[in-house]
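> Mind looking over this structure? Questions follow.
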Amino acid sequence: MSQPQILTKEQLNSWYQKIKTGNLSAIGEVYQTLQEKGYDYAAWAIGVATGDSITGNGALEFMQTVAKDHKQILTQARIDSVRRDMALGYLAMLQKKLNDGQGGEDITYQEMFIFHEEVLKKNNLDLSYW
């Protein structure tokens, strides 16, 4: 595993705005760029964002199964909200690492847990959906 490229504040802000204001394809584009820059989490997350990998499809099917167990309907709009918020959470965590002098490092499991928990809570879902 190689060291990821150090990102700039400008890159992160640009991607954040692209995801926040763009269509869902922007999420996959940003993850693809991050993957190319050596960010391993992005390589996994792109599958969930696009739903076109075995692991990504598995994660989406798991969320639907949990919703069914909770007697909830997980609409496409809600799934898309989670997708967008997860991407924004990841970028925010990378921004925090850059600000803390840890630029060029991908997120740890603990950091991933933090923003996953925040995103699920924001979307009125509990951790069992993860």
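Chain labels run A, B, ... following the order of the structure tokens; each chain numbers its residues from 1, and ligands are numbered from 1 in the order shown.
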Just asking: which residues within stretch 39-113 of chain A are helix (DSSP H, G or I) according to DSSP, as a VMD selection string?

chain A and resid 40 to 50 54 to 69 76 to 99 109 to 113

> Show which residues sit within 9 Å of stretch 120-128 of chain A, as a CSV table (one decimal) with C-alpha atoms, in the first residue's frame. Count only C-alpha atoms, and ignore same-chain residues fewer than 2 positions away.


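Result written to part-v1.csv:
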chain,number,residue,atom,x,y,z
A,63,MET,CA,-29.5,-1.6,4.3
A,66,VAL,CA,-32.2,-4.0,7.9
A,67,ALA,CA,-35.0,-1.6,6.9
A,78,ARG,CA,-33.1,8.4,1.5
A,81,SER,CA,-29.1,11.2,0.9
A,82,VAL,CA,-27.0,8.7,2.8
A,85,ASP,CA,-23.7,12.6,3.2
A,86,MET,CA,-21.2,9.7,3.4
A,115,PHE,CA,-18.7,9.9,10.2
A,116,HIS,CA,-20.7,6.8,9.4
A,117,GLU,CA,-22.4,7.1,12.8
A,118,GLU,CA,-23.0,10.8,12.2
A,130,TRP,CA,-24.0,-0.3,8.8

> Quick one: distance from atom CA of A:Asp80 to atom CA of A:Trp44 in Å, one decimal?

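So the answer is 16.9 Å.
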
> Need to verify the contact set: A:Gly51, 12 Å, only C-alpha atoms, exclusion of same-chain residues closer than 2 positions in sequence. Can you return it as a CSV table (one decimal) with C-alpha atoms, in the first residue's frame?


chain,number,residue,atom,x,y,z
A,24,LEU,CA,-25.1,11.8,-7.7
A,25,SER,CA,-22.6,11.0,-10.4
A,27,ILE,CA,-19.9,11.3,-5.8
A,28,GLY,CA,-18.5,8.5,-8.0
A,44,TRP,CA,-14.4,0.7,-1.5
A,45,ALA,CA,-16.9,3.5,-1.2
A,46,ILE,CA,-17.2,4.0,-5.0
A,47,GLY,CA,-19.0,0.6,-5.1
A,48,VAL,CA,-21.6,1.8,-2.6
A,49,ALA,CA,-21.9,5.2,-4.3
A,53,SER,CA,-19.7,-3.7,-7.4
A,54,ILE,CA,-20.3,-6.8,-5.4
A,55,THR,CA,-19.4,-5.1,-2.1
A,56,GLY,CA,-21.4,-2.0,-3.0
A,57,ASN,CA,-24.5,-4.0,-4.0
A,58,GLY,CA,-24.1,-6.1,-0.8
A,59,ALA,CA,-24.0,-3.0,1.3
A,60,LEU,CA,-27.1,-1.5,-0.3
A,61,GLU,CA,-29.0,-4.9,-0.1
A,79,ILE,CA,-30.5,6.0,0.2
A,80,ASP,CA,-29.2,8.9,-2.1
A,83,ARG,CA,-24.7,8.3,-0.2

> Skip A:Glu111 itself and residues of its chain fewer than 5 positions away, then list as a list in words all residues within 12 Å of it, counting only C-alpha atoms.

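Here the qualifying residues turn out to be Tyr41, Gly89, Tyr90, Leu91, Ala92, Met93, Leu94, Lys96, Lys97, Glu105, Asp106, His116, Glu117 and Glu118 of chain A.
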
> So that I have them on file, write out the residues from the current selection with C-alpha atoms, as a PDB file, in the first residue's frame.


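Result file out.pdb:
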ATOM      1  CA  TYR A  41     -11.407   3.999   1.418  1.00  0.00           C
ATOM      2  CA  GLY A  89     -18.400  13.102   5.698  1.00  0.00           C
ATOM      3  CA  TYR A  90     -15.366  11.433   4.144  1.00  0.00           C
ATOM      4  CA  LEU A  91     -14.190  14.697   2.606  1.00  0.00           C
ATOM      5  CA  ALA A  92     -14.729  16.511   5.912  1.00  0.00           C
ATOM      6  CA  MET A  93     -12.621  13.882   7.683  1.00  0.00           C
ATOM      7  CA  LEU A  94      -9.853  14.249   5.084  1.00  0.00           C
ATOM      8  CA  LYS A  96      -9.705  17.574   9.348  1.00  0.00           C
ATOM      9  CA  LYS A  97      -6.661  15.358   8.847  1.00  0.00           C
ATOM     10  CA  GLU A 105      -3.105   9.865   5.140  1.00  0.00           C
ATOM     11  CA  ASP A 106      -6.335   8.005   4.501  1.00  0.00           C
ATOM     12  CA  HIS A 116     -20.725   6.761   9.430  1.00  0.00           C
ATOM     13  CA  GLU A 117     -22.414   7.116  12.813  1.00  0.00           C
ATOM     14  CA  GLU A 118     -23.038  10.839  12.214  1.00  0.00           C
TER      15      GLU A 118
END

> Choose the residue, out of A:Gln76, A:Lys20, A:Asp40, A:Thr65, that has the smallest atom-to-atom separation from A:Tyr109; count only C-alpha atoms.

A:Asp40

> In Å, rounded to a single decimal, give me how far atom CA of A:Pro4 is from atom CA of A:Tyr39.

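One can read the atom CA of A:Tyr39 to atom CA of A:Pro4 distance as 5.6 Å.
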
> Can you pull out the residues contacting A:Ala43? Cut-off 9 Å, using only C-alpha atoms, and skip same-chain residues under 4 positions away; I want them as a ChimeraX atom specification.

/A:31-32,34-36,38-39,47

> Would you export the selected residues with C-alpha atoms as a tab-separated table (two decimals), in the first residue's frame, please?


chain	number	residue	atom	x	y	z
A	31	TYR	CA	-14.25	8.80	-5.22
A	32	GLN	CA	-12.59	7.75	-8.50
A	34	LEU	CA	-9.39	9.96	-4.68
A	35	GLN	CA	-8.79	6.30	-5.53
A	36	GLU	CA	-6.37	7.36	-8.27
A	38	GLY	CA	-4.08	6.45	-3.43
A	39	TYR	CA	-7.02	6.71	-1.02
A	47	GLY	CA	-18.96	0.65	-5.14
